Structures are given as structure tokens and as C-alpha cells.
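Asker: Contents are mmCIF, C-alpha atoms; file name query33.cif:
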data_coords
loop_
_atom_site.label_atom_id
_atom_site.label_comp_id
_atom_site.auth_asym_id
_atom_site.auth_seq_id
_atom_site.Cartn_x
_atom_site.Cartn_y
_atom_site.Cartn_z
CA MET A 1 0.65 24.59 -9.53
CA THR A 2 2.06 21.35 -10.84
CA LYS A 3 0.73 19.26 -13.67
CA ALA A 4 -0.87 17.01 -11.07
CA ALA A 5 -3.46 19.67 -10.24
CA PRO A 6 -6.11 18.72 -12.85
CA LYS A 7 -5.83 15.06 -11.81
CA ARG A 8 -6.22 16.15 -8.23
CA ALA A 9 -9.41 18.02 -9.06
CA LYS A 10 -10.71 14.90 -10.80
CA ALA A 11 -9.77 12.77 -7.80
CA ALA A 12 -11.54 14.89 -5.21
CA PRO A 13 -15.08 13.50 -5.73
CA ILE A 14 -13.75 9.93 -5.72
CA PHE A 15 -11.93 10.57 -2.49
CA ALA A 16 -15.00 12.16 -0.94
CA ALA A 17 -17.22 9.31 -2.15
CA LEU A 18 -15.08 6.69 -0.43
CA GLY A 19 -14.59 8.69 2.74
CA ASP A 20 -17.90 7.65 4.27
CA GLU A 21 -18.69 4.52 6.22
CA THR A 22 -22.11 3.93 4.66
CA ARG A 23 -20.74 4.34 1.16
CA LEU A 24 -17.85 1.98 1.85
CA HIS A 25 -20.45 -0.47 3.17
CA ILE A 26 -22.43 -0.12 -0.08
CA ILE A 27 -19.29 -0.80 -2.12
CA ALA A 28 -18.53 -3.83 0.03
CA ARG A 29 -22.06 -5.17 -0.45
CA LEU A 30 -21.91 -4.70 -4.22
CA CYS A 31 -18.49 -6.41 -4.27
CA ARG A 32 -19.73 -9.38 -2.29
CA ASP A 33 -23.25 -9.82 -3.61
CA GLY A 34 -23.07 -8.39 -7.13
CA PRO A 35 -25.70 -6.01 -8.60
CA LEU A 36 -28.45 -5.14 -6.11
CA ALA A 37 -31.70 -3.24 -5.95
CA ILE A 38 -32.00 -0.48 -3.36
CA VAL A 39 -34.39 -2.56 -1.31
CA ARG A 40 -31.64 -5.18 -0.85
CA LEU A 41 -29.08 -2.53 0.06
CA THR A 42 -31.26 -1.33 2.93
CA ASP A 43 -31.74 -4.91 4.23
CA GLY A 44 -30.68 -5.33 7.82
CA SER A 45 -29.77 -1.68 8.31
CA ASN A 46 -31.79 1.18 9.70
CA ILE A 47 -30.83 3.50 6.88
CA SER A 48 -33.74 4.86 4.90
CA ARG A 49 -34.20 4.22 1.22
CA GLN A 50 -33.88 7.96 0.71
CA ALA A 51 -30.51 8.09 2.48
CA ILE A 52 -29.20 5.10 0.50
CA THR A 53 -30.29 6.77 -2.74
CA LYS A 54 -28.35 9.87 -1.78
CA HIS A 55 -25.24 7.80 -1.08
CA LEU A 56 -25.64 5.88 -4.34
CA ASN A 57 -25.88 9.13 -6.25
CA ALA A 58 -22.67 10.35 -4.61
CA LEU A 59 -20.92 7.11 -5.59
CA SER A 60 -22.35 7.39 -9.09
CA ASP A 61 -21.10 10.99 -9.46
CA ALA A 62 -17.63 9.74 -8.58
CA GLY A 63 -17.87 7.05 -11.26
CA LEU A 64 -17.75 4.19 -8.76
CA VAL A 65 -21.21 2.71 -9.34
CA ARG A 66 -23.90 2.89 -11.98
CA SER A 67 -27.51 1.86 -12.19
CA GLU A 68 -29.71 0.15 -14.74
CA ARG A 69 -33.46 0.00 -14.79
CA THR A 70 -34.81 -3.55 -14.84
CA GLY A 71 -38.60 -3.62 -14.99
CA ARG A 72 -39.81 -1.44 -12.13
CA GLU A 73 -36.58 -1.64 -10.21
CA ARG A 74 -33.29 0.17 -10.47
CA ILE A 75 -30.32 -2.18 -10.07
CA TRP A 76 -27.01 -0.80 -8.83
CA LYS A 77 -23.66 -2.28 -9.73
CA LEU A 78 -19.99 -1.45 -9.36
CA GLU A 79 -18.23 0.50 -12.07
CA THR A 80 -15.30 -1.87 -12.11
CA ASP A 81 -12.84 0.22 -14.11
CA GLN A 82 -11.96 2.48 -11.21
CA LEU A 83 -11.81 -0.39 -8.76
CA ALA A 84 -9.68 -2.48 -11.11
CA GLN A 85 -7.17 0.36 -11.20
CA ALA A 86 -7.14 0.45 -7.43
CA SER A 87 -6.28 -3.23 -7.29
CA ARG A 88 -3.55 -2.82 -9.90
CA TYR A 89 -2.07 -0.10 -7.70
CA LEU A 90 -2.04 -2.50 -4.78
CA GLU A 91 -0.27 -5.09 -6.92
CA LYS A 92 2.37 -2.52 -7.71
CA ILE A 93 2.95 -1.71 -4.04
CA SER A 94 2.94 -5.43 -3.32
CA GLN A 95 5.72 -5.94 -5.85
CA GLU A 96 7.68 -3.09 -4.30
CA TRP A 97 7.51 -4.97 -1.00
CA ASP A 98 8.56 -8.24 -2.63
CA GLU A 99 11.60 -6.48 -3.96
CA ALA A 100 12.38 -4.72 -0.66
CA LEU A 101 12.00 -8.01 1.25
CA GLY A 102 14.35 -9.68 -1.21
CA ARG A 103 16.93 -7.04 -0.39
CA LEU A 104 16.32 -7.50 3.34
CA ARG A 105 16.84 -11.24 2.89
CA ALA A 106 20.12 -10.66 1.06
CA PHE A 107 21.17 -8.27 3.83
CA VAL A 108 20.42 -10.48 6.85
CA GLU A 109 21.34 -13.84 5.34
CA ASP A 110 24.61 -12.82 3.75
CA ASP A 111 26.67 -12.18 6.85
CA MET B 1 6.64 -16.11 0.64
CA ALA B 2 2.91 -15.83 1.16
CA THR B 3 0.99 -12.82 -0.09
CA HIS B 4 -2.47 -11.82 0.97
CA ALA B 5 -4.08 -8.79 -0.62
CA GLN B 6 -7.47 -7.08 -0.52
CA THR B 7 -8.19 -3.53 -1.61
CA ASP B 8 -7.19 -1.90 1.68
CA ARG B 9 -4.20 -3.92 2.80
CA ILE B 10 -1.20 -5.97 1.78
CA GLU B 11 0.13 -8.74 3.96
CA LYS B 12 3.31 -10.71 3.38
CA SER B 13 5.17 -13.32 5.37
CA ILE B 14 8.73 -14.38 4.72
CA LEU B 15 11.01 -16.83 6.51
CA LEU B 16 14.45 -15.32 6.92
CA ARG B 17 17.26 -17.73 7.71
CA ALA B 18 18.86 -15.41 10.23
CA PRO B 19 18.55 -15.04 14.02
CA LEU B 20 15.81 -12.85 15.49
CA ASP B 21 18.41 -10.38 16.85
CA ARG B 22 19.93 -9.93 13.43
CA VAL B 23 16.58 -9.32 11.70
CA TRP B 24 15.42 -6.95 14.44
CA ARG B 25 18.54 -4.81 14.01
CA ALA B 26 18.15 -4.81 10.22
CA ILE B 27 14.61 -3.43 10.61
CA SER B 28 14.71 -1.19 13.67
CA ASP B 29 18.10 0.44 13.23
CA ALA B 30 17.63 3.38 10.88
CA LYS B 31 21.09 2.95 9.33
CA GLN B 32 20.65 -0.76 8.70
CA PHE B 33 17.11 -0.28 7.41
CA GLY B 34 18.45 2.30 4.99
CA HIS B 35 21.19 -0.06 3.85
CA TRP B 36 18.86 -2.66 2.33
CA PHE B 37 15.86 -0.45 1.62
CA GLY B 38 17.85 2.23 -0.17
CA VAL B 39 17.26 5.30 2.01
CA GLU B 40 19.13 7.55 4.44
CA PHE B 41 17.55 8.89 7.62
CA GLU B 42 19.01 11.77 9.61
CA SER B 43 17.98 10.34 12.99
CA ASP B 44 16.96 7.14 14.80
CA PHE B 45 13.68 5.24 14.81
CA VAL B 46 11.99 6.35 18.03
CA GLU B 47 8.27 6.10 18.79
CA GLY B 48 6.53 9.31 17.80
CA ALA B 49 9.45 10.57 15.70
CA ARG B 50 8.88 12.23 12.33
CA LEU B 51 11.78 11.44 10.01
CA ILE B 52 12.72 12.51 6.54
CA GLY B 53 14.23 9.77 4.43
CA LYS B 54 16.39 10.53 1.43
CA CYS B 55 16.50 7.92 -1.33
CA VAL B 56 19.92 6.46 -2.03
CA PRO B 57 20.66 3.41 -4.16
CA THR B 58 20.59 0.17 -2.14
CA LYS B 59 23.93 -1.33 -1.16
CA VAL B 60 22.85 -4.95 -1.42
CA ASP B 61 22.42 -5.28 -5.18
CA PRO B 62 24.09 -3.37 -8.01
CA ASP B 63 21.26 -4.02 -10.53
CA VAL B 64 18.59 -2.65 -8.21
CA ALA B 65 20.90 0.18 -7.24
CA ARG B 66 21.04 1.24 -10.90
CA ALA B 67 17.22 1.15 -11.12
CA GLN B 68 17.01 3.30 -7.96
CA GLU B 69 19.38 5.95 -9.32
CA ALA B 70 16.38 7.71 -10.87
CA TYR B 71 15.02 8.48 -7.39
CA ALA B 72 18.32 9.28 -5.71
CA GLY B 73 17.93 12.39 -3.53
CA THR B 74 14.12 12.27 -3.48
CA THR B 75 12.81 12.63 0.07
CA PHE B 76 9.81 11.16 1.85
CA GLU B 77 8.35 11.35 5.33
CA VAL B 78 8.00 8.56 7.87
CA LEU B 79 6.16 8.74 11.21
CA ILE B 80 7.37 6.10 13.65
CA GLU B 81 4.51 4.48 15.56
CA ARG B 82 5.72 1.49 17.59
CA VAL B 83 9.14 0.13 18.47
CA GLU B 84 8.68 -3.03 20.56
CA PRO B 85 12.07 -4.77 20.64
CA LYS B 86 12.28 -8.03 18.67
CA ARG B 87 8.52 -8.07 18.17
CA LEU B 88 7.06 -5.10 16.33
CA PHE B 89 8.19 -2.06 14.38
CA SER B 90 5.62 0.14 12.67
CA PHE B 91 5.46 3.47 10.87
CA ARG B 92 3.17 5.57 8.71
CA TRP B 93 4.11 6.93 5.30
CA HIS B 94 2.80 7.77 1.87
CA PRO B 95 3.40 4.48 0.07
CA PHE B 96 6.34 4.69 -2.34
CA ALA B 97 5.45 8.34 -2.91
CA LEU B 98 8.33 9.38 -5.12
CA ASP B 99 6.79 11.54 -7.85
CA PRO B 100 8.13 15.07 -7.28
CA ASP B 101 5.13 16.52 -9.19
CA ILE B 102 2.62 15.22 -6.66
CA ASP B 103 1.95 16.79 -3.27
CA TYR B 104 1.20 13.76 -1.11
CA SER B 105 0.95 15.71 2.14
CA LYS B 106 -2.85 16.09 2.01
CA GLU B 107 -3.44 12.39 1.44
CA PRO B 108 -3.89 9.86 4.24
CA MET B 109 -0.84 7.80 5.12
CA THR B 110 -0.71 4.03 5.19
CA LEU B 111 0.44 2.04 8.24
CA VAL B 112 3.34 -0.37 7.74
CA ARG B 113 3.93 -3.04 10.40
CA PHE B 114 6.93 -5.36 10.64
CA GLU B 115 6.15 -8.25 13.01
CA LEU B 116 8.86 -10.72 13.99
CA LYS B 117 8.65 -14.20 15.43
CA GLU B 118 11.47 -16.57 16.23
CA VAL B 119 11.05 -19.98 14.59
CA SER B 120 13.24 -23.09 14.60
CA ASP B 121 15.08 -22.31 11.37
CA GLY B 122 15.25 -18.54 11.58
CA THR B 123 12.85 -15.61 11.86
CA MET B 124 9.35 -15.29 10.47
CA LEU B 125 8.73 -11.74 9.33
CA THR B 126 5.22 -10.55 8.52
CA ILE B 127 4.73 -7.19 6.86
CA THR B 128 1.33 -5.59 6.62
CA GLU B 129 0.56 -2.27 4.97
CA SER B 130 -2.98 -0.99 5.43
CA GLY B 131 -5.04 2.11 4.73
CA PHE B 132 -4.94 2.12 0.92
CA ASP B 133 -8.69 2.70 0.67
CA GLY B 134 -8.11 6.21 2.01
CA ILE B 135 -5.98 7.12 -0.99
CA PRO B 136 -7.87 8.70 -3.90
CA LEU B 137 -8.60 6.13 -6.59
CA ALA B 138 -7.51 8.44 -9.37
CA ARG B 139 -4.14 8.86 -7.67
CA ARG B 140 -3.74 5.13 -7.42
CA ALA B 141 -4.44 4.80 -11.14
CA ASP B 142 -1.95 7.56 -12.00
CA ALA B 143 0.73 5.93 -9.90
CA PHE B 144 0.38 2.76 -11.88
CA GLU B 145 0.58 4.44 -15.26
CA ALA B 146 3.59 6.54 -14.30
CA ASN B 147 5.56 3.53 -13.19
CA GLU B 148 4.45 0.81 -15.54
CA GLU B 149 7.68 0.74 -17.52
CA GLY B 150 9.78 0.74 -14.40
CA TRP B 151 7.77 -2.16 -13.13
CA LEU B 152 8.30 -4.30 -16.16
CA ALA B 153 12.01 -3.78 -15.72
CA GLN B 154 11.83 -4.75 -12.06
CA ILE B 155 9.91 -7.97 -12.40
CA GLY B 156 13.00 -9.91 -13.39
CA LEU B 157 14.81 -8.57 -10.34
CA VAL B 158 11.99 -9.57 -8.04
CA GLU B 159 12.12 -13.12 -9.31
CA LYS B 160 15.84 -13.20 -8.80
CA TYR B 161 15.45 -12.26 -5.13
CA LEU B 162 12.59 -14.55 -4.35
CA THR B 163 14.32 -17.62 -5.72
CA PRO B 164 16.64 -19.02 -3.08
CA THR B 165 20.12 -19.29 -4.52
CA ALA B 166 21.91 -22.62 -4.59
CA ALA B 167 25.10 -20.95 -3.37
#
Starting from the file, give its structure as C-alpha cells.

Answerer:
Amino acid sequence: MTKAAPKRAKAAPIFAALGDETRLHIIARLCRDGPLAIVRLTDGSNISRQAITKHLNALSDAGLVRSERTGRERIWKLETDQLAQASRYLEKISQEWDEALGRLRAFVEDD
Amino acid sequence: MATHAQTDRIEKSILLRAPLDRVWRAISDAKQFGHWFGVEFESDFVEGARLIGKCVPTKVDPDVARAQEAYAGTTFEVLIERVEPKRLFSFRWHPFALDPDIDYSKEPMTLVRFELKEVSDGTMLTITESGFDGIPLARRADAFEANEEGWLAQIGLVEKYLTPTAA
């Protein structure tokens, strides 16, 4: 095995956590609306509170969300570290494209 | 150049001061694509084809070519999706997957689309790459760390290319 194997093992739960439509929807809601109680996360959907809790726990296990108790309610929020890294990755790819497009420009405009 | 980015996709538009025909050939002809991108393919871009690209230093800029020497000979896979003459060229790949220690084959690929449109002063090219949300977050983080130094070195080059020369 290569040295990437341990990282791969660490990545597996994150990958699994994001590979579900409901969980991606939860992430999108938390991105858009900020920290939310479970009751808000079930708004306008026919998913049970129990099912949402299960999904939130899966996201939490992957380090993508965390919860805090406020009074009688549990409020869920994004764990932004992981997501911030994802957006930095996208910036990197974006810069790769800027560079590649610059080369394309030089290629097609120089003849 | 306009850039639009979310977490799942990158979109870029660039006005190239060259005729549509010229830009189409530069993108859809595997040899010409390789010339500016810095890659060699063993066959043509045909819908449904699975190609292996081998990294070679670009021929359009000696500074970038030197930076690309580190990856010379590294191979990556490209699946050609659509070839619609002078309009659309698209393929799937593992985005800039050049770390020989990582097996990318089990990860989802991203979809890259080159869309062309003739405009009065040249050709408007829009590139979109989508599907990043399918890639494990931890992998995305690793990719950044591994290449951070290389990136710092490249930023100056990027600026150089994006600034139209007075020449």
C-alpha cells in the first residue's frame, strides 16, 4: 500500500457522509440559513425527525457538522474547517484553469 | 475573464481574439490540445473514447514548461463525452490528479465542458468543471497541502498570462 492509505481510510466516512441526497440537502440548508434546530431542518420535507437525526449523526461522525445544546433544543451547525478546505481545493483547481486558459490564449492568438 | 465558483463547480469565460475555427481546432484536436495544455495523447478525441494522456512540458511558455518538468511522464485518464463541432467539447477526468502515490481510480470523475460561441471580436470560450462534491473532502485538503508551494510559484505566471500584453 502507498502512504496515501491512512488518509484514504480517514476520508471514507466523509465521502460516505456526502454521498447522500438528504445529507447534501442538510449541508446546503446549514450553509444557506446558518445554525438550525432539527425542527427547522424537517420543515417542508416529509422526512421524520428520527431520520434527520440519523443523517445528522452521520455528518457529525464525518466531522462535517456539530451540535450545541441551547436551552431545550439542540442546534446544528457546519464544521467549517473541512468545508473551508474543500473551497481552497476548488480555488487551486480554478487557478490551474486560469493558467491553462492563459496558455490556450497564447496558442490561438499568437499565429 | 470571469470566474464563478461554488463548492461543486468552477465556471470560467474568456474572450479569445481568434476565429471560432482556430479555437475549435486548438481544443478538439488532441495534438493541438496537448500543445498548449502540456500533455500527449496516443489517439484522437472521439465521443466515448478512453484516452491516456502523458504529461509533457507545454510548448507555449518556457517558464511554465520548467514548472511542469516535475510531472513529465505522469499519466492520467480522460473519457471523451461530447464532440459537437465548433460548439461543445466535453470529457471526464480526475481533476489535475498527478500525485503518483494516490490511486484516483476509485474516486468519481469531474466533467469538463468547453463551450464555444462566435462573437464580433473573436470567440467566447466558457469552461465549466463540475462534480467536485463527489470527491472526498480529505483528499481535497491533501491535494492543497501537497501543492501549496507549487502554487505560490505559479501565481506570478498566472498573472502574466491573464494580463493582455501591449505587444

Asker: To test your reading of the syntax: which residues would the PyMOL selection byres ((chain B and resi 44) around 7) return for the file shown? Reply as a CSV table (one decimal) with C-alpha atoms, in the frame of the given file.

Answerer:
chain,number,residue,atom,x,y,z
B,29,ASP,CA,18.1,0.4,13.2
B,30,ALA,CA,17.6,3.4,10.9
B,43,SER,CA,18.0,10.3,13.0
B,45,PHE,CA,13.7,5.2,14.8
B,46,VAL,CA,12.0,6.4,18.0

Asker: Calculate how many Å separate CA of Leu24 (chain A) from CA of Thr126 (chain B), rounding to one decimal.

Answerer: 27.1 Å

Asker: Translate the PyMOL selection byres ((chain A and resi 40) around 12) into a concrete residue list for this structure, as a ChimeraX atom specification.

Answerer: /A:26,29-30,33-39,41-45,47-49,52,73-76

Asker: Can you spit out the residues from that selection as a PDB file, keeping the file's coordinate frame, using C-alpha atoms?

Answerer:
ATOM      1  CA  ILE A  26     -22.430  -0.120  -0.080  1.00  0.00           C
ATOM      2  CA  ARG A  29     -22.060  -5.170  -0.450  1.00  0.00           C
ATOM      3  CA  LEU A  30     -21.910  -4.700  -4.220  1.00  0.00           C
ATOM      4  CA  ASP A  33     -23.250  -9.820  -3.610  1.00  0.00           C
ATOM      5  CA  GLY A  34     -23.070  -8.390  -7.130  1.00  0.00           C
ATOM      6  CA  PRO A  35     -25.700  -6.010  -8.600  1.00  0.00           C
ATOM      7  CA  LEU A  36     -28.450  -5.140  -6.110  1.00  0.00           C
ATOM      8  CA  ALA A  37     -31.700  -3.240  -5.950  1.00  0.00           C
ATOM      9  CA  ILE A  38     -32.000  -0.480  -3.360  1.00  0.00           C
ATOM     10  CA  VAL A  39     -34.390  -2.560  -1.310  1.00  0.00           C
ATOM     11  CA  LEU A  41     -29.080  -2.530   0.060  1.00  0.00           C
ATOM     12  CA  THR A  42     -31.260  -1.330   2.930  1.00  0.00           C
ATOM     13  CA  ASP A  43     -31.740  -4.910   4.230  1.00  0.00           C
ATOM     14  CA  GLY A  44     -30.680  -5.330   7.820  1.00  0.00           C
ATOM     15  CA  SER A  45     -29.770  -1.680   8.310  1.00  0.00           C
ATOM     16  CA  ILE A  47     -30.830   3.500   6.880  1.00  0.00           C
ATOM     17  CA  SER A  48     -33.740   4.860   4.900  1.00  0.00           C
ATOM     18  CA  ARG A  49     -34.200   4.220   1.220  1.00  0.00           C
ATOM     19  CA  ILE A  52     -29.200   5.100   0.500  1.00  0.00           C
ATOM     20  CA  GLU A  73     -36.580  -1.640 -10.210  1.00  0.00           C
ATOM     21  CA  ARG A  74     -33.290   0.170 -10.470  1.00  0.00           C
ATOM     22  CA  ILE A  75     -30.320  -2.180 -10.070  1.00  0.00           C
ATOM     23  CA  TRP A  76     -27.010  -0.800  -8.830  1.00  0.00           C
TER      24      TRP A  76
END

Asker: For Val39 (chain B), which residue out of A:Val108, A:Leu18, A:Ile27, A:Ala100 is the nearest one, using all atoms listed in the file?

Answerer: A:Ala100

Asker: State, in Å with one decimal place, the distance from CA of Glu79 (chain A) to CA of Arg9 (chain B).

Answerer: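 Those two atoms sit 20.9 Å apart.
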
Asker: How many Å lie between CA of Ser130 (chain B) and CA of Lys54 (chain A), rounded to one decimal?

Answerer: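 Here the two named atoms are 28.5 Å from each other.
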
Asker: Select, from B:His94, B:Gly38, B:Phe114, B:Arg25, the residue with the minimum atom-to-atom distance to Val64 (chain B), counting only C-alpha atoms.

Answerer: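 Of all the options, B:Gly38 lies closest to Val64 (chain B).
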
Asker: Could you tell me which of B:Phe41, B:Phe132, B:Phe33, B:Phe89 comes closest to Arg103 (chain A) if we count all atoms listed in the file?

Answerer: B:Phe33

Asker: So, with only C-alpha atoms as the atoms that count, which of B:Glu40, B:Glu47, B:Asp63, B:Glu84 lies closest to chain A?

Answerer: B:Asp63

Asker: Any chance you could resolve the PyMOL selection byres ((chain B and resi 117) around 10) against this file and give the residues as a short mmCIF file (atom, residue, chain, number, x, y, z; two decimals) with C-alpha atoms, in the frame of the given file?

Answerer:
data_model
loop_
_atom_site.label_atom_id
_atom_site.label_comp_id
_atom_site.auth_asym_id
_atom_site.auth_seq_id
_atom_site.Cartn_x
_atom_site.Cartn_y
_atom_site.Cartn_z
CA LEU B 15 11.01 -16.83 6.51
CA LEU B 20 15.81 -12.85 15.49
CA TRP B 24 15.42 -6.95 14.44
CA LYS B 86 12.28 -8.03 18.67
CA ARG B 87 8.52 -8.07 18.17
CA LEU B 88 7.06 -5.10 16.33
CA GLU B 115 6.15 -8.25 13.01
CA LEU B 116 8.86 -10.72 13.99
CA GLU B 118 11.47 -16.57 16.23
CA VAL B 119 11.05 -19.98 14.59
CA GLY B 122 15.25 -18.54 11.58
CA THR B 123 12.85 -15.61 11.86
CA MET B 124 9.35 -15.29 10.47
CA LEU B 125 8.73 -11.74 9.33
CA THR B 126 5.22 -10.55 8.52
#
